[in-house]
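Colleague: Structure: final-v8.json, JSON, C-alpha atoms.
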```json
[["chain", "number", "residue", "atom", "x", "y", "z"],
["E", 8, "MET", "CA", -2.22, 6.40, 19.43],
["E", 9, "ARG", "CA", -4.77, 8.86, 20.73],
["E", 10, "ILE", "CA", -8.52, 8.48, 20.51],
["E", 11, "GLN", "CA", -10.09, 10.98, 18.18],
["E", 12, "LYS", "CA", -13.74, 9.88, 18.23],
["E", 13, "VAL", "CA", -15.83, 7.07, 19.76],
["E", 14, "ILE", "CA", -17.85, 5.42, 16.97],
["E", 15, "ASN", "CA", -19.60, 2.88, 19.21],
["E", 16, "ASN", "CA", -18.84, 0.73, 22.25],
["E", 17, "ASN", "CA", -16.50, -1.45, 20.21],
["E", 18, "VAL", "CA", -14.96, 0.92, 17.66],
["E", 19, "VAL", "CA", -12.98, 4.14, 18.01],
["E", 20, "SER", "CA", -11.20, 6.45, 15.60],
["E", 21, "CYS", "CA", -7.56, 7.14, 16.51],
["E", 22, "VAL", "CA", -4.62, 9.20, 15.31],
["E", 23, "ASP", "CA", -1.10, 7.76, 15.32],
["E", 24, "ASP", "CA", 2.14, 9.66, 15.95],
["E", 25, "SER", "CA", 2.37, 10.66, 12.27],
["E", 26, "GLY", "CA", -1.13, 12.17, 12.32],
["E", 27, "ARG", "CA", -2.68, 9.38, 10.27],
["E", 28, "GLU", "CA", -6.22, 8.36, 11.21],
["E", 29, "LEU", "CA", -6.79, 4.71, 12.11],
["E", 30, "ILE", "CA", -9.82, 2.70, 13.13],
["E", 31, "ALA", "CA", -9.42, 0.46, 16.20],
["E", 32, "MET", "CA", -11.88, -2.31, 17.08],
["E", 33, "GLY", "CA", -12.21, -4.41, 20.21],
["E", 34, "ARG", "CA", -14.96, -5.59, 22.53],
["E", 35, "GLY", "CA", -15.83, -2.72, 24.87],
["E", 36, "LEU", "CA", -13.01, -0.59, 23.46],
["E", 37, "GLY", "CA", -15.18, 2.51, 23.11],
["E", 38, "PHE", "CA", -16.99, 2.11, 26.40],
["E", 39, "SER", "CA", -16.12, 5.05, 28.68],
["E", 40, "ALA", "CA", -13.37, 6.09, 26.21],
["E", 41, "LYS", "CA", -12.80, 9.82, 25.76],
["E", 42, "PRO", "CA", -11.31, 11.81, 22.87],
["E", 43, "GLY", "CA", -7.66, 12.61, 23.51],
["E", 44, "ALA", "CA", -7.04, 9.58, 25.68],
["E", 45, "ALA", "CA", -4.09, 7.31, 24.86],
["E", 46, "LEU", "CA", -4.71, 3.91, 23.35],
["E", 47, "LEU", "CA", -2.10, 1.20, 23.11],
["E", 48, "PRO", "CA", -2.16, -1.04, 20.02],
["E", 49, "ALA", "CA", -2.29, -4.08, 22.30],
["E", 50, "GLN", "CA", -5.64, -2.90, 23.65],
["E", 51, "ALA", "CA", -7.29, -3.27, 20.24],
["E", 52, "GLU", "CA", -8.25, -6.59, 18.69],
["E", 53, "LYS", "CA", -7.99, -5.13, 15.18],
["E", 54, "ILE", "CA", -6.56, -1.91, 13.76],
["E", 55, "PHE", "CA", -7.69, -0.81, 10.29],
["E", 56, "ARG", "CA", -5.53, 1.42, 8.11],
["E", 57, "MET", "CA", -7.39, 2.52, 5.01],
["E", 58, "GLU", "CA", -5.46, 3.76, 1.98],
["E", 59, "THR", "CA", -7.21, 7.13, 1.68],
["E", 60, "GLN", "CA", -9.00, 9.51, 4.01],
["E", 61, "GLY", "CA", -12.13, 9.07, 1.91],
["E", 62, "GLU", "CA", -12.11, 5.32, 2.56],
["E", 63, "THR", "CA", -11.51, 5.98, 6.26],
["E", 64, "ASP", "CA", -14.53, 8.28, 6.45],
["E", 65, "ARG", "CA", -16.74, 5.79, 4.61],
["E", 66, "PHE", "CA", -15.52, 2.98, 6.84],
["E", 67, "LYS", "CA", -16.35, 4.96, 9.99],
["E", 68, "ASP", "CA", -19.87, 5.59, 8.70],
["E", 69, "LEU", "CA", -20.27, 1.92, 7.84],
["E", 70, "LEU", "CA", -19.08, 0.71, 11.24],
["E", 71, "ALA", "CA", -21.46, 3.10, 12.95],
["E", 72, "SER", "CA", -24.40, 1.70, 10.97],
["E", 73, "LEU", "CA", -23.82, -2.06, 11.33],
["E", 74, "PRO", "CA", -24.36, -4.32, 14.36],
["E", 75, "PRO", "CA", -21.04, -5.14, 16.09],
["E", 76, "GLU", "CA", -21.53, -8.88, 15.52],
["E", 77, "GLU", "CA", -21.75, -8.37, 11.76],
["E", 78, "ILE", "CA", -18.58, -6.30, 11.76],
["E", 79, "GLU", "CA", -16.70, -8.95, 13.74],
["E", 80, "MET", "CA", -18.06, -11.70, 11.48],
["E", 81, "CYS", "CA", -16.80, -9.89, 8.36],
["E", 82, "ALA", "CA", -13.39, -9.37, 9.99],
["E", 83, "ARG", "CA", -13.15, -13.12, 10.61],
["E", 84, "ILE", "CA", -14.10, -13.86, 7.00],
["E", 85, "ILE", "CA", -11.33, -11.55, 5.77],
["E", 86, "ALA", "CA", -8.84, -13.07, 8.21],
["E", 87, "TYR", "CA", -9.74, -16.54, 6.90],
["E", 88, "ALA", "CA", -9.36, -15.31, 3.31],
["E", 89, "THR", "CA", -5.94, -13.80, 4.05],
["E", 90, "GLU", "CA", -4.73, -17.05, 5.58],
["E", 91, "THR", "CA", -6.26, -19.34, 2.96],
["E", 92, "LEU", "CA", -5.30, -17.38, -0.15],
["E", 93, "SER", "CA", -1.80, -16.60, 1.17],
["E", 94, "ARG", "CA", -1.87, -13.27, -0.62],
["E", 95, "ARG", "CA", -1.85, -9.71, 0.57],
["E", 96, "LEU", "CA", -5.32, -8.19, 0.44],
["E", 97, "SER", "CA", -5.81, -4.47, 0.00],
["E", 98, "PRO", "CA", -6.97, -2.82, 3.26],
["E", 99, "SER", "CA", -9.97, -1.49, 1.33],
["E", 100, "VAL", "CA", -11.44, -5.02, 1.44],
["E", 101, "TYR", "CA", -12.55, -4.28, 5.00],
["E", 102, "LEU", "CA", -14.70, -1.49, 3.62],
["E", 103, "THR", "CA", -15.94, -3.08, 0.39],
["E", 104, "LEU", "CA", -16.61, -6.61, 1.65],
["E", 105, "THR", "CA", -18.11, -5.52, 4.98],
["E", 106, "ASP", "CA", -20.38, -3.12, 3.12],
["E", 107, "HIS", "CA", -21.37, -5.82, 0.64],
["E", 108, "ILE", "CA", -22.10, -8.50, 3.24],
["E", 109, "GLY", "CA", -24.00, -6.07, 5.46],
["E", 110, "PHE", "CA", -26.20, -5.04, 2.55],
["E", 111, "ALA", "CA", -26.64, -8.68, 1.43],
["E", 112, "VAL", "CA", -27.81, -9.71, 4.91],
["E", 113, "GLN", "CA", -30.26, -6.81, 4.92],
["E", 114, "ARG", "CA", -31.57, -7.79, 1.47],
["E", 115, "MET", "CA", -31.99, -11.41, 2.49],
["E", 116, "LYS", "CA", -33.98, -10.47, 5.58],
["E", 117, "GLN", "CA", -36.27, -8.47, 3.32],
["E", 118, "GLY", "CA", -36.72, -11.44, 0.99],
["E", 119, "MET", "CA", -34.72, -9.89, -1.85],
["E", 120, "MET", "CA", -32.43, -12.26, -3.74],
["E", 121, "PHE", "CA", -30.24, -11.57, -6.77],
["E", 122, "GLN", "CA", -28.60, -14.00, -9.15],
["E", 123, "ASN", "CA", -24.94, -13.65, -10.07],
["E", 124, "ALA", "CA", -24.70, -13.99, -13.84],
["E", 125, "LEU", "CA", -21.01, -14.92, -13.53],
["E", 126, "LEU", "CA", -21.48, -17.77, -11.01],
["E", 127, "THR", "CA", -20.18, -20.47, -13.35],
["E", 128, "GLU", "CA", -17.23, -18.36, -14.49],
["E", 129, "VAL", "CA", -16.22, -17.43, -10.93],
["E", 130, "LYS", "CA", -16.23, -21.12, -9.95],
["E", 131, "VAL", "CA", -13.87, -21.93, -12.81],
["E", 132, "PHE", "CA", -11.66, -18.82, -12.93],
["E", 133, "TYR", "CA", -11.32, -18.17, -9.18],
["E", 134, "PRO", "CA", -11.78, -21.54, -7.40],
["E", 135, "GLN", "CA", -9.83, -20.58, -4.26],
["E", 136, "GLU", "CA", -11.71, -17.32, -3.79],
["E", 137, "PHE", "CA", -15.00, -19.12, -4.43],
["E", 138, "ALA", "CA", -14.13, -21.68, -1.75],
["E", 139, "VAL", "CA", -13.57, -18.83, 0.71],
["E", 140, "GLY", "CA", -16.93, -17.42, -0.36],
["E", 141, "LYS", "CA", -18.62, -20.74, 0.46],
["E", 142, "HIS", "CA", -16.90, -20.75, 3.85],
["E", 143, "ALA", "CA", -18.29, -17.25, 4.40],
["E", 144, "LEU", "CA", -21.80, -18.49, 3.63],
["E", 145, "ASP", "CA", -21.42, -21.22, 6.26],
["E", 146, "LEU", "CA", -20.27, -18.66, 8.82],
["E", 147, "ILE", "CA", -23.11, -16.29, 7.98],
["E", 148, "GLU", "CA", -25.63, -19.12, 8.34],
["E", 149, "GLN", "CA", -24.13, -20.14, 11.66],
["E", 150, "GLU", "CA", -24.20, -16.64, 13.11],
["E", 151, "GLN", "CA", -27.11, -14.97, 11.32],
["E", 152, "GLY", "CA", -29.39, -17.93, 10.65],
["E", 153, "ILE", "CA", -29.48, -17.00, 6.95],
["E", 154, "ARG", "CA", -28.47, -19.33, 4.13],
["E", 155, "PHE", "CA", -27.43, -17.62, 0.94],
["E", 156, "PRO", "CA", -27.34, -19.41, -2.43],
["E", 157, "GLU", "CA", -24.01, -20.04, -4.17],
["E", 158, "ASP", "CA", -24.49, -16.82, -6.14],
["E", 159, "GLU", "CA", -23.48, -14.89, -3.02],
["E", 160, "ALA", "CA", -20.30, -16.96, -2.63],
["E", 161, "ALA", "CA", -19.38, -15.84, -6.16],
["E", 162, "SER", "CA", -20.02, -12.18, -5.26],
["E", 163, "ILE", "CA", -17.81, -12.47, -2.19],
["E", 164, "ALA", "CA", -15.13, -14.14, -4.33],
["E", 165, "LEU", "CA", -15.13, -11.21, -6.76],
["E", 166, "HIS", "CA", -14.58, -8.77, -3.90],
["E", 167, "LEU", "CA", -11.61, -10.87, -2.79],
["E", 168, "VAL", "CA", -10.19, -10.84, -6.33],
["E", 169, "ASN", "CA", -10.48, -7.04, -6.26],
["E", 170, "ALA", "CA", -8.52, -6.95, -3.02],
["E", 171, "GLU", "CA", -5.86, -9.34, -4.33],
["E", 172, "TYR", "CA", -5.14, -7.44, -7.52],
["E", 173, "GLU", "CA", -6.27, -4.00, -6.29],
["E", 174, "THR", "CA", -8.72, -3.49, -9.13],
["E", 175, "SER", "CA", -12.19, -1.98, -9.03],
["E", 176, "LEU", "CA", -15.24, -4.21, -8.95],
["E", 177, "SER", "CA", -16.31, -3.04, -12.40],
["E", 178, "GLU", "CA", -12.88, -3.86, -13.82],
["E", 179, "THR", "CA", -12.94, -7.31, -12.20],
["E", 180, "LEU", "CA", -16.34, -7.95, -13.76],
["E", 181, "HIS", "CA", -15.05, -6.85, -17.17],
["E", 182, "ILE", "CA", -12.00, -9.09, -16.83],
["E", 183, "THR", "CA", -14.17, -12.07, -15.86],
["E", 184, "GLN", "CA", -16.54, -11.43, -18.76],
["E", 185, "ALA", "CA", -13.59, -11.08, -21.13],
["E", 186, "ILE", "CA", -12.20, -14.48, -20.09],
["E", 187, "LYS", "CA", -15.66, -15.98, -20.60],
["E", 188, "GLY", "CA", -15.75, -14.44, -24.10],
["E", 189, "ILE", "CA", -12.32, -15.87, -24.93],
["E", 190, "LEU", "CA", -13.41, -19.37, -23.95],
["E", 191, "GLU", "CA", -16.49, -18.99, -26.16],
["E", 192, "ILE", "CA", -14.18, -18.10, -29.05],
["E", 193, "ILE", "CA", -12.10, -21.25, -28.44],
["E", 194, "HIS", "CA", -15.23, -23.40, -28.54],
["E", 195, "GLN", "CA", -15.93, -22.04, -32.03],
["E", 196, "TYR", "CA", -12.86, -23.96, -33.27],
["E", 197, "PRO", "CA", -13.73, -27.69, -33.44],
["E", 198, "GLU", "CA", -10.12, -28.46, -34.33],
["E", 199, "LEU", "CA", -9.16, -27.26, -30.83],
["E", 200, "PRO", "CA", -10.86, -29.81, -28.54],
["E", 201, "ILE", "CA", -10.09, -28.50, -25.06],
["E", 202, "GLN", "CA", -11.17, -30.70, -22.16],
["E", 203, "GLU", "CA", -12.06, -28.79, -19.02],
["E", 204, "ASP", "CA", -11.21, -31.45, -16.43],
["E", 205, "THR", "CA", -7.45, -31.42, -16.96],
["E", 206, "LEU", "CA", -4.42, -29.74, -15.46],
["E", 207, "TYR", "CA", -3.67, -28.15, -18.83],
["E", 208, "TYR", "CA", -7.07, -26.45, -18.88],
["E", 209, "ASP", "CA", -6.39, -25.05, -15.40],
["E", 210, "GLU", "CA", -3.03, -23.82, -16.66],
["E", 211, "LEU", "CA", -4.76, -22.13, -19.61],
["E", 212, "ILE", "CA", -7.26, -20.38, -17.31],
["E", 213, "VAL", "CA", -4.43, -18.99, -15.16],
["E", 214, "HIS", "CA", -2.67, -17.72, -18.29],
["E", 215, "LEU", "CA", -5.89, -16.11, -19.57],
["E", 216, "LYS", "CA", -6.45, -14.35, -16.26],
["E", 217, "PHE", "CA", -3.02, -12.74, -16.30],
["E", 218, "LEU", "CA", -3.17, -12.00, -20.02],
["E", 219, "VAL", "CA", -6.46, -10.12, -19.65],
["E", 220, "MET", "CA", -5.36, -8.40, -16.44],
["E", 221, "ARG", "CA", -2.22, -7.14, -18.16],
["E", 222, "ALA", "CA", -4.30, -5.92, -21.09],
["E", 223, "PHE", "CA", -6.63, -4.04, -18.74],
["E", 224, "GLU", "CA", -3.67, -2.42, -16.99],
["E", 225, "ALA", "CA", -3.12, -0.57, -20.27],
["E", 226, "ASN", "CA", 0.65, -0.57, -19.84],
["E", 227, "GLU", "CA", 2.72, -0.39, -22.98],
["E", 228, "ALA", "CA", 4.16, -3.86, -23.61],
["E", 229, "GLU", "CA", 7.36, -4.65, -25.43],
["E", 230, "GLU", "CA", 7.28, -6.67, -28.61],
["E", 231, "GLY", "CA", 8.93, -10.07, -28.54],
["E", 232, "GLU", "CA", 11.18, -11.92, -30.92],
["E", 233, "PRO", "CA", 9.71, -11.94, -34.48],
["E", 234, "ALA", "CA", 11.24, -15.35, -35.16],
["E", 235, "PHE", "CA", 9.28, -16.90, -32.30],
["E", 236, "VAL", "CA", 6.02, -15.39, -33.52],
["E", 237, "GLY", "CA", 6.65, -16.60, -37.06],
["E", 238, "MET", "CA", 7.47, -20.12, -35.88],
["E", 239, "VAL", "CA", 4.29, -20.36, -33.80],
["E", 240, "ARG", "CA", 2.20, -19.04, -36.71],
["E", 241, "LYS", "CA", 3.63, -21.75, -38.97],
["E", 242, "ILE", "CA", 3.66, -24.75, -36.62],
["E", 243, "TYR", "CA", 0.42, -24.08, -34.71],
["E", 244, "ALA", "CA", -1.67, -22.52, -37.47],
["E", 245, "SER", "CA", -5.12, -23.25, -36.02],
["E", 246, "GLU", "CA", -4.10, -22.23, -32.52],
["E", 247, "TYR", "CA", -2.58, -19.02, -33.85],
["E", 248, "GLN", "CA", -5.71, -18.22, -35.86],
["E", 249, "CYS", "CA", -7.80, -18.66, -32.70],
["E", 250, "ALA", "CA", -5.40, -16.48, -30.68],
["E", 251, "ARG", "CA", -5.61, -13.81, -33.37],
["E", 252, "GLN", "CA", -9.40, -13.92, -33.05],
["E", 253, "VAL", "CA", -9.00, -13.38, -29.30],
["E", 254, "GLU", "CA", -6.82, -10.35, -30.02],
["E", 255, "ARG", "CA", -9.55, -8.87, -32.24],
["E", 256, "TYR", "CA", -12.18, -9.58, -29.59],
["E", 257, "LEU", "CA", -10.23, -7.74, -26.87],
["E", 258, "GLN", "CA", -9.55, -4.85, -29.21],
["E", 259, "VAL", "CA", -13.14, -4.43, -30.45],
["E", 260, "GLN", "CA", -15.03, -5.28, -27.26],
["E", 261, "TYR", "CA", -12.80, -3.63, -24.67],
["E", 262, "ASN", "CA", -10.30, -1.53, -26.64],
["E", 263, "ARG", "CA", -7.53, -3.56, -25.00],
["E", 264, "PRO", "CA", -4.86, -4.62, -27.53],
["E", 265, "ILE", "CA", -2.32, -7.36, -26.90],
["E", 266, "THR", "CA", 1.08, -7.78, -28.54],
["E", 267, "GLU", "CA", 2.18, -10.21, -31.23],
["E", 268, "GLU", "CA", 4.24, -12.10, -28.66],
["E", 269, "GLN", "CA", 1.23, -12.40, -26.37],
["E", 270, "ILE", "CA", -0.80, -13.76, -29.28],
["E", 271, "ALA", "CA", 1.90, -16.33, -30.01],
["E", 272, "ASN", "CA", 2.18, -17.34, -26.35],
["E", 273, "LEU", "CA", -1.57, -17.73, -26.19],
["E", 274, "ALA", "CA", -1.47, -20.02, -29.21],
["E", 275, "VAL", "CA", 1.11, -22.20, -27.45],
["E", 276, "TYR", "CA", -1.16, -22.48, -24.40],
["E", 277, "PHE", "CA", -4.04, -23.41, -26.69],
["E", 278, "HIS", "CA", -1.88, -26.15, -28.19],
["E", 279, "ARG", "CA", -0.95, -27.54, -24.77],
["E", 280, "ALA", "CA", -4.56, -27.53, -23.59],
["E", 281, "CYS", "CA", -5.83, -29.18, -26.79],
["E", 282, "ARG", "CA", -3.12, -31.71, -27.63],
["E", 283, "CYS", "CA", -2.24, -32.69, -24.08],
["E", 284, "SER", "CA", -5.69, -32.63, -22.48],
["E", 285, "THR", "CA", -6.23, -36.36, -22.87],
["E", 286, "ARG", "CA", -3.42, -37.19, -20.47],
["E", 287, "THR", "CA", -1.97, -35.75, -17.28],
["E", 288, "PRO", "CA", 1.73, -35.26, -16.52],
["E", 289, "GLU", "CA", 1.44, -38.17, -14.06],
["E", 290, "ALA", "CA", 0.15, -40.44, -16.82],
["E", 291, "GLY", "CA", 3.00, -39.37, -19.07],
["E", 292, "ARG", "CA", 5.58, -40.19, -16.40],
["E", 293, "ALA", "CA", 3.94, -43.57, -15.86],
["E", 294, "ARG", "CA", 4.28, -44.40, -19.55],
["E", 295, "GLN", "CA", 7.92, -43.35, -19.52],
["E", 296, "LYS", "CA", 8.62, -45.66, -16.59],
["E", 297, "GLY", "CA", 6.91, -48.52, -18.41]]
```
Written as structure tokens, how would this file's structure read?
Modeller:
Amino acid sequence: MRIQKVINNNVVSCVDDSGRELIAMGRGLGFSAKPGAALLPAQAEKIFRMETQGETDRFKDLLASLPPEEIEMCARIIAYATETLSRRLSPSVYLTLTDHIGFAVQRMKQGMMFQNALLTEVKVFYPQEFAVGKHALDLIEQEQGIRFPEDEAASIALHLVNAEYETSLSETLHITQAIKGILEIIHQYPELPIQEDTLYYDELIVHLKFLVMRAFEANEAEEGEPAFVGMVRKIYASEYQCARQVERYLQVQYNRPITEEQIANLAVYFHRACRCSTRTPEAGRARQKG
């Protein structure tokens, strides 16, 4: 790599052999560095490869505007998230999350606090990402002397969800709100008593997340077996009626249709969550052994 521009004493812009621009970070890396000089990857503590030149330019501007300790802190938060979530995160998370945390710290120092209207939903729908967000709050308090409320952990979690599924923040918010709306529809059916503190409820939430995400991808889905749909409609009538109401909600509220097979599958998940919520698989196995 060759240094293209010194951003600050710890960050430089480089160009690799293919002509792609990279951002290299390391303590003292930019000190006395000169454009055109060679830089070995081993000399950098972290090398950032953004997906577009626009993101690279925005990231350079961001790194130039933030204190080095905040940049390093955000990099450690992302490294912890990558390890904990065991999922690939989009490189753009270095831009979006660093920008968010930097602005949040600035707001907090100015006494400005915002509530996250989706705090409860993020806790339920994205528990692992929320746990990483709480870890981030501990790290920020340790290094910045600022303690954010849990609302900020939820905001950090949403940025991580974006990076996991490579969606925009607005789309992630819509997906989260859509799942919340679906659960509100379920609660309108007293004959479907879903208990939230069960493994089957967790299984339902995971299914809802992927159902809504697939709907928001707007890819044309194939229809399933008509016999299966008809059987579910007959055997699980209440669950199917509720699933059909969910289909209308997604269509009217978000213009996101789902297929007949997806409706039938959703009804089956409703049945599992309702009929099996009073016992866990472990309890069932215990009864079988008895």
Colleague: Write out as JSON lines a residue-level contact list of segment 169-262 of chain E versus segment 109-128 of chain E with cut-off 12 Å: for each qualifying residue the closest pair of atoms and the distance in Å to one decimal, counting only C-alpha atoms, rows sorted by chain and residue number upward.
Modeller:
```
{"residue": "E:Thr179", "atom": "CA", "partner": "E:Leu125", "partner_atom": "CA", "distance": 11.2}
{"residue": "E:Leu180", "atom": "CA", "partner": "E:Leu125", "partner_atom": "CA", "distance": 8.4}
{"residue": "E:His181", "atom": "CA", "partner": "E:Leu125", "partner_atom": "CA", "distance": 10.7}
{"residue": "E:Ile182", "atom": "CA", "partner": "E:Glu128", "partner_atom": "CA", "distance": 10.9}
{"residue": "E:Thr183", "atom": "CA", "partner": "E:Glu128", "partner_atom": "CA", "distance": 7.1}
{"residue": "E:Gln184", "atom": "CA", "partner": "E:Leu125", "partner_atom": "CA", "distance": 7.7}
{"residue": "E:Ala185", "atom": "CA", "partner": "E:Glu128", "partner_atom": "CA", "distance": 10.5}
{"residue": "E:Ile186", "atom": "CA", "partner": "E:Glu128", "partner_atom": "CA", "distance": 8.5}
{"residue": "E:Lys187", "atom": "CA", "partner": "E:Glu128", "partner_atom": "CA", "distance": 6.7}
{"residue": "E:Gly188", "atom": "CA", "partner": "E:Glu128", "partner_atom": "CA", "distance": 10.5}
{"residue": "E:Ile189", "atom": "CA", "partner": "E:Glu128", "partner_atom": "CA", "distance": 11.8}
{"residue": "E:Leu190", "atom": "CA", "partner": "E:Glu128", "partner_atom": "CA", "distance": 10.3}
{"residue": "E:Glu191", "atom": "CA", "partner": "E:Glu128", "partner_atom": "CA", "distance": 11.7}
{"residue": "E:Ile212", "atom": "CA", "partner": "E:Glu128", "partner_atom": "CA", "distance": 10.6}
{"residue": "E:Lys216", "atom": "CA", "partner": "E:Glu128", "partner_atom": "CA", "distance": 11.6}
```
Colleague: Within 8 Å of Ser162 of chain E, counting all atoms listed in the file, which residues qualify if same-chain residues fewer than 4 places away don't, as JSON, numbers by chain?
Modeller: {"E": [123, 140, 158, 166]}
Colleague: So, with only C-alpha atoms as the atoms that count, which of E:Val168, E:Ala250, E:Ile270, E:Val18 lies closest to Ala31 of chain E?
Modeller: E:Val18
Colleague: Using only C-alpha atoms, which of the listed residues (E:Ala86, E:Pro200, E:Ile147, E:Leu167) sits closest to Leu104 of chain E?
Modeller: E:Leu167
Colleague: Find, counting all atoms listed in the file, the residue in E:Leu96, E:Val131, E:Val219, E:Ile78 that gets nearest to Glu150 of chain E.
Modeller: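 When distances to Glu150 of chain E are compared using all atoms listed in the file, the smallest one comes from E:Ile78.
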Colleague: Calculated over all atoms listed in the file, which of the candidates E:Arg255, E:His142, E:Arg279, E:Arg9 has the smallest distance to Leu47 of chain E?
Modeller: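 Of the candidates, the smallest distance to Leu47 of chain E is held by E:Arg9.
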Colleague: Just the number, please: distance in Å from atom CA of Ala44 of chain E to atom CA of Thr105 of chain E, one decimal.
Modeller: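 Separation between atom CA of Ala44 of chain E and atom CA of Thr105 of chain E: 27.9 Å.
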Colleague: Can you list, as a list in words, every protein, DNA or RNA residue that comes within 9 Å of Tyr243 of chain E when you count all atoms listed in the file, leaving out same-chain residues fewer than 4 positions away?
Modeller: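 Neighbouring residues, sequence-local ones excluded: Met238, Val239, Tyr247, Gln248, Ala274, Val275 and His278 of chain E.
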Colleague: Taking (-6.3, -20.3, 0.0) as a centre in this file's frame and 9 Å as the limit, can you find every polymer residue with an atom that close, using all atoms listed in the file, and give them as a PyMOL selection string?
Modeller: chain E and resi 87-94+135-136+138-139
Colleague: One decimal, Å: what's the distance from atom CA of Arg154 of chain E over to atom CA of Arg83 of chain E, could you say?
Modeller: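 Taking atom CA of Arg154 of chain E as the start and atom CA of Arg83 of chain E as the end point, the length is 17.8 Å.
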Colleague: Show me the residues around (-21.9, -18.0, 4.9) - criterion: an atom at most 10 Å away, only C-alpha atoms counted - as JSON, numbers by chain.
Modeller: {"E": [80, 84, 108, 139, 140, 141, 142, 143, 144, 145, 146, 147, 148, 149, 150, 151, 152, 153, 154, 155, 156, 157, 159, 160, 163]}
Colleague: Which residue is closest to Cys281 of chain E? Choose from E:Glu267, E:Glu254, E:Glu58, E:Asp204 and count only C-alpha atoms.
Modeller: E:Asp204
Colleague: Which residue, E:Glu198, E:Phe235, E:Phe137, E:Phe132, has the smallest gap to Glu210 of chain E when you use only C-alpha atoms?
Modeller: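 Among E:Glu198, E:Phe235, E:Phe137, E:Phe132, it is E:Phe132 that comes nearest to Glu210 of chain E.
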Colleague: For Gly61 of chain E, work out the shell of residues within 12 Å, counting all atoms listed in the file and skipping chain neighbours fewer than 4 positions away, then give it as a PyMOL selection string.
Modeller: chain E and resi 28+56-57+65-68+99+102
Colleague: Would you output that residue set with C-alpha atoms, as an mmCIF file, in the frame of the given file?
Modeller:
```cif
data_model
loop_
_atom_site.group_PDB
_atom_site.id
_atom_site.type_symbol
_atom_site.label_atom_id
_atom_site.label_comp_id
_atom_site.auth_asym_id
_atom_site.auth_seq_id
_atom_site.Cartn_x
_atom_site.Cartn_y
_atom_site.Cartn_z
ATOM 1 C CA GLU E 28 -6.220 8.360 11.210
ATOM 2 C CA ARG E 56 -5.530 1.420 8.110
ATOM 3 C CA MET E 57 -7.390 2.520 5.010
ATOM 4 C CA ARG E 65 -16.740 5.790 4.610
ATOM 5 C CA PHE E 66 -15.520 2.980 6.840
ATOM 6 C CA LYS E 67 -16.350 4.960 9.990
ATOM 7 C CA ASP E 68 -19.870 5.590 8.700
ATOM 8 C CA SER E 99 -9.970 -1.490 1.330
ATOM 9 C CA LEU E 102 -14.700 -1.490 3.620
#
```
Colleague: Please report the interatomic distance between atom CA of Leu206 of chain E and atom CA of Val253 of chain E in Å with one decimal.
Modeller: 21.9 Å
Colleague: Would you list the contacts of Tyr101 of chain E as a list in words, taking every protein, DNA or RNA residue within 8 Å and counting all atoms listed in the file, but skipping same-chain residues closer than 6 positions in sequence?
Modeller: Phe55, Cys81, Ala82 and Ile85 of chain E
Colleague: Please, could you write that set of residues out with C-alpha atoms as an mmCIF file, in the coordinates of the input?
Modeller:
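Written file, selection_35.cif:
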```cif
data_model
loop_
_atom_site.group_PDB
_atom_site.id
_atom_site.type_symbol
_atom_site.label_atom_id
_atom_site.label_comp_id
_atom_site.auth_asym_id
_atom_site.auth_seq_id
_atom_site.Cartn_x
_atom_site.Cartn_y
_atom_site.Cartn_z
ATOM 1 C CA PHE E 55 -7.690 -0.810 10.290
ATOM 2 C CA CYS E 81 -16.800 -9.890 8.360
ATOM 3 C CA ALA E 82 -13.390 -9.370 9.990
ATOM 4 C CA ILE E 85 -11.330 -11.550 5.770
#
```
